[in-house]
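J.: Handing over target_5.csv, CSV, C-alpha atoms.
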chain,number,residue,atom,x,y,z
A,26,MET,CA,-0.2,-162.0,0.0
A,27,GLN,CA,3.0,-164.1,-0.2
A,28,VAL,CA,5.9,-163.7,-2.6
A,29,PRO,CA,5.4,-167.1,-4.3
A,30,GLN,CA,1.8,-166.1,-5.1
A,31,LEU,CA,2.9,-162.9,-6.7
A,32,ILE,CA,5.5,-164.7,-8.8
A,33,LEU,CA,2.8,-167.1,-9.9
A,34,PHE,CA,0.6,-164.3,-11.3
A,35,TYR,CA,3.6,-162.9,-13.1
A,36,SER,CA,4.5,-166.3,-14.6
A,37,LEU,CA,0.9,-167.0,-15.6
A,38,ALA,CA,0.6,-163.7,-17.5
A,39,SER,CA,4.0,-164.0,-19.2
A,40,GLY,CA,3.9,-167.7,-20.0
A,41,SER,CA,0.4,-167.5,-21.4
A,42,CYS,CA,1.1,-164.5,-23.6
A,43,PHE,CA,4.4,-165.5,-25.2
A,44,LEU,CA,2.7,-167.2,-28.2
A,45,LEU,CA,0.3,-164.3,-28.6
A,46,ALA,CA,3.1,-161.7,-28.5
A,47,GLY,CA,5.3,-163.6,-30.9
A,48,SER,CA,2.5,-164.0,-33.4
A,49,LEU,CA,1.6,-160.3,-33.2
A,50,ALA,CA,5.3,-159.4,-33.7
A,51,ASP,CA,5.4,-161.4,-37.0
A,52,VAL,CA,2.2,-159.7,-38.3
A,53,ILE,CA,2.5,-156.1,-36.9
A,54,GLY,CA,6.2,-155.7,-36.3
A,55,SER,CA,8.8,-156.7,-33.7
A,56,ARG,CA,9.9,-153.2,-32.8
A,57,MET,CA,6.3,-152.0,-32.0
A,58,ILE,CA,5.5,-155.0,-29.8
A,59,ALA,CA,8.9,-154.8,-28.1
A,60,LEU,CA,8.6,-151.1,-27.2
A,61,THR,CA,5.0,-151.5,-26.1
A,62,GLY,CA,6.0,-154.4,-23.8
A,63,CYS,CA,8.9,-152.4,-22.4
A,64,LEU,CA,6.6,-149.4,-21.7
A,65,VAL,CA,4.0,-151.7,-20.0
A,66,MET,CA,6.8,-153.3,-17.9
A,67,ALA,CA,8.1,-149.9,-16.8
A,68,ILE,CA,4.7,-148.5,-15.8
A,69,SER,CA,3.6,-151.6,-14.0
A,70,LEU,CA,6.8,-151.8,-12.0
A,71,ALA,CA,6.5,-148.2,-10.9
A,72,VAL,CA,2.9,-148.5,-9.9
A,73,THR,CA,3.6,-151.7,-8.0
A,74,GLY,CA,5.6,-149.5,-5.6
A,75,CYS,CA,2.4,-147.7,-4.8
A,76,ALA,CA,0.3,-150.8,-4.3
A,77,LYS,CA,-1.6,-151.0,-1.0
A,78,THR,CA,-3.8,-154.1,-1.3
A,79,GLY,CA,-3.3,-157.7,-2.4
A,80,LEU,CA,-5.6,-157.2,-5.4
A,81,GLN,CA,-3.4,-154.3,-6.6
A,82,PHE,CA,-0.3,-156.5,-6.3
A,83,ILE,CA,-2.0,-159.2,-8.4
A,84,ILE,CA,-3.0,-156.8,-11.1
A,85,PHE,CA,0.3,-155.1,-11.3
A,86,SER,CA,2.3,-158.4,-11.2
A,87,ALA,CA,0.1,-159.7,-14.1
A,88,MET,CA,0.9,-156.5,-16.0
A,89,GLN,CA,4.6,-157.0,-15.5
A,90,GLY,CA,4.2,-160.5,-16.9
A,91,LEU,CA,2.4,-159.2,-19.9
A,92,GLY,CA,5.1,-156.6,-20.6
A,93,ALA,CA,7.8,-159.3,-20.3
A,94,ALA,CA,5.9,-161.6,-22.7
A,95,MET,CA,5.9,-158.8,-25.3
A,96,PHE,CA,9.5,-157.8,-25.4
A,97,LEU,CA,11.3,-161.2,-24.7
A,98,PRO,CA,10.2,-163.0,-27.9
A,99,THR,CA,10.5,-159.8,-30.0
A,100,THR,CA,14.2,-159.2,-29.0
A,101,PHE,CA,14.8,-162.6,-30.5
A,102,SER,CA,13.3,-161.7,-33.9
A,103,LEU,CA,14.8,-158.2,-33.8
A,104,TRP,CA,18.3,-159.5,-33.4
A,105,THR,CA,17.9,-162.1,-36.1
A,106,SER,CA,16.7,-159.4,-38.5
A,107,ILE,CA,19.8,-157.3,-37.8
A,108,ALA,CA,22.6,-160.0,-37.7
A,109,PRO,CA,22.9,-162.7,-40.3
A,110,PRO,CA,24.1,-166.2,-39.3
A,111,SER,CA,27.6,-165.6,-38.0
A,112,ARG,CA,29.7,-165.5,-34.9
A,113,THR,CA,28.3,-162.0,-34.2
A,114,ARG,CA,24.8,-163.5,-34.1
A,115,ASN,CA,25.9,-166.3,-31.8
A,116,PHE,CA,27.6,-163.8,-29.5
A,117,GLY,CA,24.4,-161.7,-29.4
A,118,PHE,CA,22.4,-164.7,-28.3
A,119,ALA,CA,24.9,-165.4,-25.6
A,120,CYS,CA,24.5,-161.8,-24.5
A,121,PHE,CA,20.7,-162.3,-24.2
A,122,ALA,CA,21.4,-165.2,-21.9
A,123,LEU,CA,24.0,-163.1,-20.1
A,124,ALA,CA,21.2,-160.7,-19.0
A,125,SER,CA,19.7,-163.4,-16.7
A,126,PRO,CA,22.6,-164.1,-14.3
A,127,MET,CA,23.6,-160.4,-14.3
A,128,GLY,CA,20.0,-159.3,-13.4
A,129,LEU,CA,19.8,-162.1,-10.8
A,130,GLN,CA,22.9,-161.0,-9.0
A,131,ALA,CA,22.1,-157.3,-9.2
A,132,GLY,CA,18.6,-158.0,-7.9
A,133,ASN,CA,19.8,-160.2,-5.1
A,134,LEU,CA,22.3,-157.7,-3.9
A,135,LEU,CA,20.0,-154.8,-4.2
A,136,ALA,CA,17.3,-156.6,-2.3
A,137,GLY,CA,19.8,-157.4,0.5
A,138,VAL,CA,20.9,-153.8,0.7
A,139,ILE,CA,17.4,-152.4,0.7
A,140,ASN,CA,16.3,-155.0,3.4
A,141,GLN,CA,19.1,-153.8,5.7
A,142,SER,CA,18.7,-150.1,5.1
A,143,LYS,CA,16.1,-147.5,5.8
A,144,LEU,CA,14.7,-147.8,2.3
A,145,THR,CA,11.5,-149.8,1.9
A,146,TRP,CA,10.7,-152.5,-0.7
A,147,ARG,CA,8.8,-149.8,-2.7
A,148,PHE,CA,12.1,-148.3,-3.7
A,149,GLY,CA,13.1,-151.5,-5.5
A,150,PHE,CA,10.1,-151.2,-7.7
A,151,TYR,CA,10.5,-147.5,-8.4
A,152,LEU,CA,14.2,-148.1,-9.4
A,153,SER,CA,13.3,-151.1,-11.6
A,154,GLY,CA,10.6,-149.1,-13.3
A,155,GLY,CA,13.0,-146.2,-14.0
A,156,ILE,CA,15.6,-148.5,-15.5
A,157,ILE,CA,13.1,-150.2,-17.8
A,158,GLY,CA,11.8,-146.8,-18.7
A,159,LEU,CA,15.3,-145.8,-19.7
A,160,PHE,CA,15.6,-148.9,-21.9
A,161,PHE,CA,12.3,-147.9,-23.6
A,162,LEU,CA,13.7,-144.5,-24.5
A,163,LEU,CA,17.0,-146.1,-25.8
A,164,GLY,CA,15.0,-148.6,-27.8
A,165,TYR,CA,12.8,-146.0,-29.3
A,166,LYS,CA,15.8,-144.0,-30.5
A,167,PHE,CA,18.1,-146.8,-31.7
A,168,LEU,CA,16.0,-149.9,-32.7
A,169,PRO,CA,15.6,-150.1,-36.5
A,170,LEU,CA,12.1,-149.5,-37.9
A,171,ASP,CA,10.0,-152.4,-38.8
A,172,PRO,CA,9.7,-153.0,-42.6
A,173,PRO,CA,6.3,-151.9,-44.0
A,174,ARG,CA,3.5,-154.4,-43.7
A,175,THR,CA,1.5,-154.7,-46.9
A,176,GLY,CA,-2.0,-156.1,-47.1
A,177,PHE,CA,-2.6,-156.0,-43.3
A,178,THR,CA,-6.1,-156.6,-42.2
A,179,TRP,CA,-7.7,-157.5,-38.9
A,180,SER,CA,-8.9,-160.8,-40.3
A,181,HIS,CA,-5.3,-161.6,-41.3
A,182,LEU,CA,-4.3,-160.9,-37.8
A,183,ALA,CA,-7.0,-163.1,-36.3
A,184,ARG,CA,-5.9,-166.0,-38.6
A,185,ALA,CA,-2.2,-165.6,-37.7
A,186,ILE,CA,-2.8,-165.9,-33.9
A,187,ASP,CA,-3.2,-169.3,-32.4
A,188,ILE,CA,-6.1,-168.5,-30.0
A,189,VAL,CA,-6.5,-172.1,-28.9
A,190,GLY,CA,-2.8,-172.4,-28.1
A,191,VAL,CA,-2.9,-169.1,-26.0
A,192,CYS,CA,-5.9,-170.4,-24.1
A,193,LEU,CA,-4.3,-173.8,-23.4
A,194,SER,CA,-1.1,-172.1,-22.1
A,195,ILE,CA,-3.2,-170.0,-19.8
A,196,LEU,CA,-4.9,-173.0,-18.3
A,197,GLY,CA,-1.7,-175.0,-18.1
A,198,LEU,CA,0.6,-172.4,-16.5
A,199,GLY,CA,-2.2,-171.3,-14.1
A,200,LEU,CA,-1.8,-174.6,-12.2
A,201,LEU,CA,1.9,-174.3,-11.6
A,202,GLY,CA,4.2,-172.1,-9.5
A,203,TYR,CA,6.3,-172.3,-6.3
A,204,VAL,CA,9.5,-171.0,-4.9
A,205,LEU,CA,11.9,-172.8,-2.5
A,206,GLY,CA,14.6,-171.2,-0.4
A,207,PHE,CA,17.7,-172.3,1.5
A,208,GLN,CA,18.1,-169.1,3.6
A,209,LYS,CA,16.2,-170.2,6.7
A,210,VAL,CA,18.2,-173.3,7.2
A,211,GLN,CA,21.4,-171.4,8.0
A,212,GLY,CA,19.8,-168.4,9.6
A,213,LEU,CA,21.3,-166.0,7.1
A,214,SER,CA,20.2,-162.4,6.5
A,215,SER,CA,18.9,-161.5,3.0
A,216,LEU,CA,22.2,-159.7,2.2
A,217,GLN,CA,24.4,-162.6,3.4
A,218,ALA,CA,22.3,-165.0,1.3
A,219,ALA,CA,22.6,-162.7,-1.8
A,220,ILE,CA,26.4,-162.5,-1.4
A,221,ARG,CA,26.6,-166.3,-1.4
A,222,TYR,CA,24.8,-166.5,-4.7
A,223,ILE,CA,27.4,-164.3,-6.5
A,224,PRO,CA,29.3,-167.3,-7.9
A,225,ASN,CA,26.1,-168.5,-9.6
A,226,GLY,CA,25.9,-165.2,-11.5
A,227,LEU,CA,29.6,-165.0,-12.2
A,228,ILE,CA,29.8,-168.4,-13.8
A,229,GLY,CA,26.7,-167.5,-15.8
A,230,ILE,CA,28.4,-164.4,-17.1
A,231,VAL,CA,31.6,-166.3,-18.0
A,232,THR,CA,29.7,-169.2,-19.6
A,233,ASN,CA,27.6,-166.9,-21.8
A,234,PHE,CA,30.7,-165.0,-23.0
A,235,LEU,CA,32.4,-168.3,-23.9
A,236,THR,CA,29.4,-170.1,-25.5
A,237,GLY,CA,29.0,-167.7,-28.5
A,238,PRO,CA,32.6,-168.0,-29.8
A,239,LEU,CA,32.7,-171.8,-29.0
A,240,LEU,CA,29.6,-172.6,-31.1
A,241,ASP,CA,31.5,-172.9,-34.4
A,242,ARG,CA,34.6,-174.4,-32.8
A,243,LEU,CA,33.3,-177.3,-30.8
A,244,PRO,CA,30.8,-180.0,-31.6
A,245,ILE,CA,27.4,-179.0,-30.3
A,246,ASN,CA,26.6,-182.4,-28.9
A,247,PHE,CA,29.9,-182.3,-26.9
A,248,LEU,CA,29.4,-178.7,-25.7
A,249,VAL,CA,25.9,-179.4,-24.4
A,250,THR,CA,26.6,-182.8,-22.9
A,251,ILE,CA,29.6,-181.5,-21.0
A,252,SER,CA,27.7,-178.5,-19.7
A,253,CYS,CA,24.9,-180.9,-18.5
A,254,LEU,CA,27.4,-183.1,-16.7
A,255,LEU,CA,28.8,-180.1,-14.9
A,256,SER,CA,25.3,-178.9,-13.9
A,257,THR,CA,24.5,-182.3,-12.6
A,258,ALA,CA,27.3,-182.1,-10.1
A,259,GLY,CA,25.5,-179.1,-8.4
A,260,PRO,CA,22.5,-181.0,-7.0
A,261,LEU,CA,24.8,-183.9,-6.2
A,262,ILE,CA,26.9,-181.7,-3.9
A,263,MET,CA,23.8,-180.1,-2.4
A,264,SER,CA,22.3,-183.6,-1.7
A,265,VAL,CA,25.1,-184.5,0.7
A,266,ILE,CA,25.8,-181.0,2.1
A,267,ASN,CA,25.9,-180.4,5.8
A,268,PRO,CA,24.5,-176.9,6.8
A,269,ASN,CA,27.3,-176.7,9.4
A,270,TRP,CA,30.0,-177.0,6.7
A,271,SER,CA,31.9,-173.9,5.5
A,272,TYR,CA,30.4,-172.3,2.5
A,273,TRP,CA,33.6,-172.9,0.6
A,274,ILE,CA,33.6,-176.6,1.1
A,275,ALA,CA,30.4,-177.4,-0.8
A,276,GLY,CA,27.9,-174.6,-1.3
A,277,PHE,CA,30.3,-172.5,-3.4
A,278,TRP,CA,31.1,-175.3,-5.8
A,279,ALA,CA,27.4,-176.3,-6.1
A,280,LEU,CA,26.4,-172.7,-7.0
A,281,LEU,CA,29.3,-172.4,-9.4
A,282,LEU,CA,28.3,-175.5,-11.4
A,283,LEU,CA,24.5,-175.3,-11.3
A,284,PRO,CA,23.8,-172.8,-14.1
A,285,THR,CA,26.3,-174.1,-16.7
A,286,ALA,CA,23.8,-176.2,-18.8
A,287,GLN,CA,21.1,-173.5,-18.6
A,288,ASP,CA,23.3,-170.8,-20.1
A,289,VAL,CA,24.8,-173.0,-22.8
A,290,ILE,CA,21.5,-174.6,-23.9
A,291,TYR,CA,19.8,-171.1,-24.1
A,292,THR,CA,22.3,-169.9,-26.6
A,293,VAL,CA,22.5,-173.1,-28.6
A,294,SER,CA,18.7,-173.4,-28.8
A,295,ASN,CA,18.3,-169.9,-30.1
A,296,VAL,CA,20.9,-170.4,-32.8
A,297,ILE,CA,19.3,-173.7,-33.9
A,298,ILE,CA,15.9,-172.1,-34.1
A,299,THR,CA,17.2,-169.3,-36.4
A,300,GLU,CA,18.7,-171.9,-38.7
A,301,THR,CA,15.6,-174.1,-39.0
A,302,MET,CA,12.7,-171.5,-39.0
A,303,PRO,CA,11.8,-169.1,-41.8
A,304,PRO,CA,12.4,-165.4,-40.9
A,305,SER,CA,8.7,-164.6,-41.2
A,306,GLN,CA,8.1,-166.8,-38.1
A,307,TYR,CA,11.0,-165.7,-35.9
A,308,GLY,CA,8.6,-163.9,-33.5
A,309,LEU,CA,6.4,-167.0,-33.1
A,310,ALA,CA,9.5,-169.1,-32.7
A,311,GLY,CA,10.8,-166.9,-29.9
A,312,GLY,CA,7.3,-167.1,-28.3
A,313,VAL,CA,7.3,-170.9,-28.4
A,314,PHE,CA,10.8,-171.1,-27.0
A,315,ASN,CA,10.0,-168.8,-24.1
A,316,THR,CA,6.7,-170.6,-23.5
A,317,LEU,CA,8.5,-173.9,-23.3
A,318,SER,CA,11.1,-172.4,-21.0
A,319,MET,CA,8.5,-171.1,-18.7
A,320,LEU,CA,6.5,-174.3,-18.8
A,321,GLY,CA,9.6,-176.4,-18.0
A,322,THR,CA,10.5,-174.0,-15.1
A,323,SER,CA,7.0,-174.2,-13.7
A,324,ILE,CA,6.8,-178.0,-14.0
A,325,GLY,CA,10.2,-178.3,-12.3
A,326,ILE,CA,9.2,-176.0,-9.5
A,327,ALA,CA,5.9,-177.9,-9.0
A,328,ILE,CA,7.8,-181.2,-8.7
A,329,MET,CA,10.2,-179.8,-6.2
A,330,ALA,CA,7.4,-178.2,-4.2
A,331,ILE,CA,5.5,-181.4,-4.0
A,332,THR,CA,8.6,-183.4,-3.0
A,333,SER,CA,9.6,-180.9,-0.4
A,334,GLU,CA,6.2,-180.5,1.2
A,335,SER,CA,5.6,-184.3,1.4
A,336,VAL,CA,8.9,-184.8,3.2
A,337,ILE,CA,8.4,-181.8,5.5
A,338,GLN,CA,4.9,-183.0,6.4
A,339,SER,CA,6.1,-186.5,7.2
A,340,LYS,CA,8.8,-185.1,9.5
A,341,SER,CA,6.8,-182.4,11.2
A,342,SER,CA,5.5,-184.7,13.9
A,343,SER,CA,8.9,-186.1,14.7
A,344,GLY,CA,9.8,-183.4,17.2
A,345,ALA,CA,12.9,-182.4,15.3
A,346,GLU,CA,14.2,-178.8,15.0
A,347,GLU,CA,12.5,-176.7,12.4
A,348,SER,CA,15.8,-176.2,10.5
A,349,ASP,CA,16.4,-179.9,10.4
A,350,ILE,CA,12.9,-180.5,9.1
A,351,LEU,CA,13.4,-177.9,6.4
A,352,MET,CA,16.8,-179.4,5.5
A,353,ALA,CA,15.2,-182.8,5.1
A,354,GLY,CA,12.7,-181.3,2.6
A,355,TYR,CA,15.4,-179.4,0.7
A,356,ARG,CA,17.7,-182.5,0.6
A,357,ALA,CA,14.8,-184.5,-1.0
A,358,VAL,CA,14.5,-181.7,-3.5
A,359,PHE,CA,18.2,-181.9,-4.4
A,360,TRP,CA,18.0,-185.6,-4.9
A,361,ALA,CA,15.0,-185.2,-7.2
A,362,ASN,CA,16.9,-182.4,-9.0
A,363,LEU,CA,19.8,-184.8,-9.4
A,364,GLY,CA,17.6,-187.3,-11.1
A,365,LEU,CA,16.2,-184.7,-13.5
A,366,SER,CA,19.6,-183.4,-14.2
A,367,ALA,CA,20.9,-186.9,-15.0
A,368,THR,CA,18.0,-187.5,-17.3
A,369,MET,CA,18.7,-184.1,-19.0
A,370,THR,CA,22.3,-185.2,-19.6
A,371,ILE,CA,21.2,-188.5,-21.2
A,372,VAL,CA,18.6,-186.8,-23.4
A,373,ALA,CA,21.2,-184.3,-24.6
A,374,ALA,CA,23.9,-186.9,-25.3
A,375,VAL,CA,21.4,-189.1,-27.3
A,376,GLY,CA,19.2,-186.5,-28.9
A,377,LEU,CA,22.1,-184.3,-30.1
A,378,ARG,CA,24.5,-187.0,-31.1
A,379,ARG,CA,24.1,-186.2,-34.9
A,380,ILE,CA,24.4,-182.4,-34.5
A,381,TRP,CA,27.9,-181.0,-34.9
A,382,TYR,CA,28.5,-177.4,-35.8
A,383,ILE,CA,26.1,-174.5,-36.0
A,384,GLY,CA,26.5,-170.8,-36.4
A,385,LYS,CA,28.7,-170.6,-39.5
A,386,ALA,CA,27.6,-173.7,-41.4
A,387,ALA,CA,25.2,-176.3,-39.9
A,388,HIS,CA,26.6,-179.8,-40.0
A,389,VAL,CA,24.4,-182.7,-39.2
A,390,ASP,CA,26.0,-186.2,-39.2
A,391,GLY,CA,23.8,-188.6,-41.2
A,392,SER,CA,20.5,-186.9,-41.3
A,393,GLN,CA,18.8,-183.8,-40.1
A,394,ALA,CA,18.1,-183.8,-36.3
Output the structure of this file as structure tokens.
T.:
Amino acid sequence: MQVPQLILFYSLASGSCFLLAGSLADVIGSRMIALTGCLVMAISLAVTGCAKTGLQFIIFSAMQGLGAAMFLPTTFSLWTSIAPPSRTRNFGFACFALASPMGLQAGNLLAGVINQSKLTWRFGFYLSGGIIGLFFLLGYKFLPLDPPRTGFTWSHLARAIDIVGVCLSILGLGLLGYVLGFQKVQGLSSLQAAIRYIPNGLIGIVTNFLTGPLLDRLPINFLVTISCLLSTAGPLIMSVINPNWSYWIAGFWALLLLPTAQDVIYTVSNVIITETMPPSQYGLAGGVFNTLSMLGTSIGIAIMAITSESVIQSKSSSGAEESDILMAGYRAVFWANLGLSATMTIVAAVGLRRIWYIGKAAHVDGSQA
């Protein structure tokens, strides 16, 4: 059982259940669904450390995805119910996005340390399960109670859930999933590779801290378009990189620029959703947002995987070194990524040209976007 396959089952379970979890949260209550998902995630992570067969890994990975699908959309609705439209709410959304780069860096470094120590991979799952379990206890104590639901019936619940949409998302996401790496090309250890990814996480942290306060100070179309341009420079640098170059010449700057648009757009999208959707559908809105995010990630990974594999297959009979063949495949991926990033920048510049300020008072130039 390979790591990409395990990630696929996690992605399938989480991506297909976002809509279901969001709908349940709107009907039953966000706090209950969030805490249930947190508990499921903690237990499934802990028992993954005890897995001995591929089938057990598949089941536990799917359980992790189910838990993530339950608490990710509900944190969105919980926060919007606590914080009214304001700079505080904007900063909260930025903190949600901040969790991703911080978790990525901590996970990369922890994996590198574990891989080069006497600890086994099982320790990572035990530790992660314990951390999520601690968050469950903190949430149980401090999260505000859900308001009473009046007139709740099972038939009402069945009508509120989009069963067709859930089934379609399962079928669609089940076809997609792949992971590429750059580690083999330069012959780095897992810890060395993790250290080189630190700038990626640091710029994500800085960007998320800045995005919240900037939302009501800078035009949204300007903020998003500039962040997209900066991110586009990342794959451009990687497209022309030479593996023999020093890390500081190209790799550092590419990793520094790549996550900029992702972190800005995550916060901006959440704020726009809260200003255009009724509060009774915040859970569903969070589910739709996370489903689209997972779908976009899966489609992008699938495109990159097809591009890489086609180039690697065409070069495999040339007699070149394995690292050179892999680099040719990765370089093709970076060029494809550059094309997608450029398209993203154009779409952002054109699609958001009428949207100015959000967060304190939405201002749309001309007409609603």
J.: Figure out the distance between atom CA of A:Pro98 and atom CA of A:Leu49, please, to one decimal in Å.
T.: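 We find that atom CA of A:Leu49 and atom CA of A:Pro98 lie 10.5 Å from each other.
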J.: Which one is closest to A:Asn295: A:Met329, A:Ile83, A:Leu60, A:Leu240? Count all atoms listed in the file.
T.: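 So, comparing all the options, the nearest one is A:Leu240.
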J.: Between atom CA of A:Ser366 and atom CA of A:Leu281, what is the distance in Å, rounded to a tenth?
T.: 15.4 Å
J.: Which residue is closest to A:Pro268? Choose from A:Thr145, A:Ser348, A:Thr100, A:Thr368 and count only C-alpha atoms.
T.: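 Going through A:Thr145, A:Ser348, A:Thr100, A:Thr368 one by one, the smallest distance to A:Pro268 is for A:Ser348.
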J.: Just to confirm, what's the straight-line distance from atom CA of A:Glu300 to atom CA of A:Pro110 in Å (one decimal)?
T.: 7.9 Å
J.: Can you pull out the residues contacting stretch 217-231 of chain A? Cut-off 10 Å, using all atoms listed in the file, and skip same-chain residues under 2 positions away; I want them as number ranges by chain.
T.: A: 119-120, 122-138, 207-209, 211-215, 233-236, 272-273, 276-289
J.: Just checking: using all atoms listed in the file, which residue out of A:Leu255, A:Val375, A:Leu248, A:Ala93 ends up closest to A:Cys63?
T.: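 Checking each of A:Leu255, A:Val375, A:Leu248, A:Ala93 against A:Cys63, counting all atoms listed in the file, the winner is A:Ala93.
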J.: Quick one: of A:Ile337, A:Ala46, A:Ala38, A:Leu159, who's nearest to A:Leu64, counting only C-alpha atoms?
T.: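 Distance minimum relative to A:Leu64 lands on A:Leu159.
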J.: Would you list the contacts of A:Phe116 as a count of residues only, taking every protein, DNA or RNA residue within 7 Å and counting only C-alpha atoms, but skipping same-chain residues closer than 4 positions in sequence?
T.: 4
J.: Could you check the closest approach to A:Phe101 for each of A:Ile298, A:Val249, A:Ile371, A:Leu377 and tell me which residue wins, using all atoms listed in the file?
T.: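 The closest residue to A:Phe101 is A:Ile298.
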J.: Rank nothing, just name the residue among A:Gly62, A:Gly74, A:Gly47, A:Gly79 nearest to A:Phe150, using all atoms listed in the file.
T.: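 The closest residue to A:Phe150 is A:Gly74.
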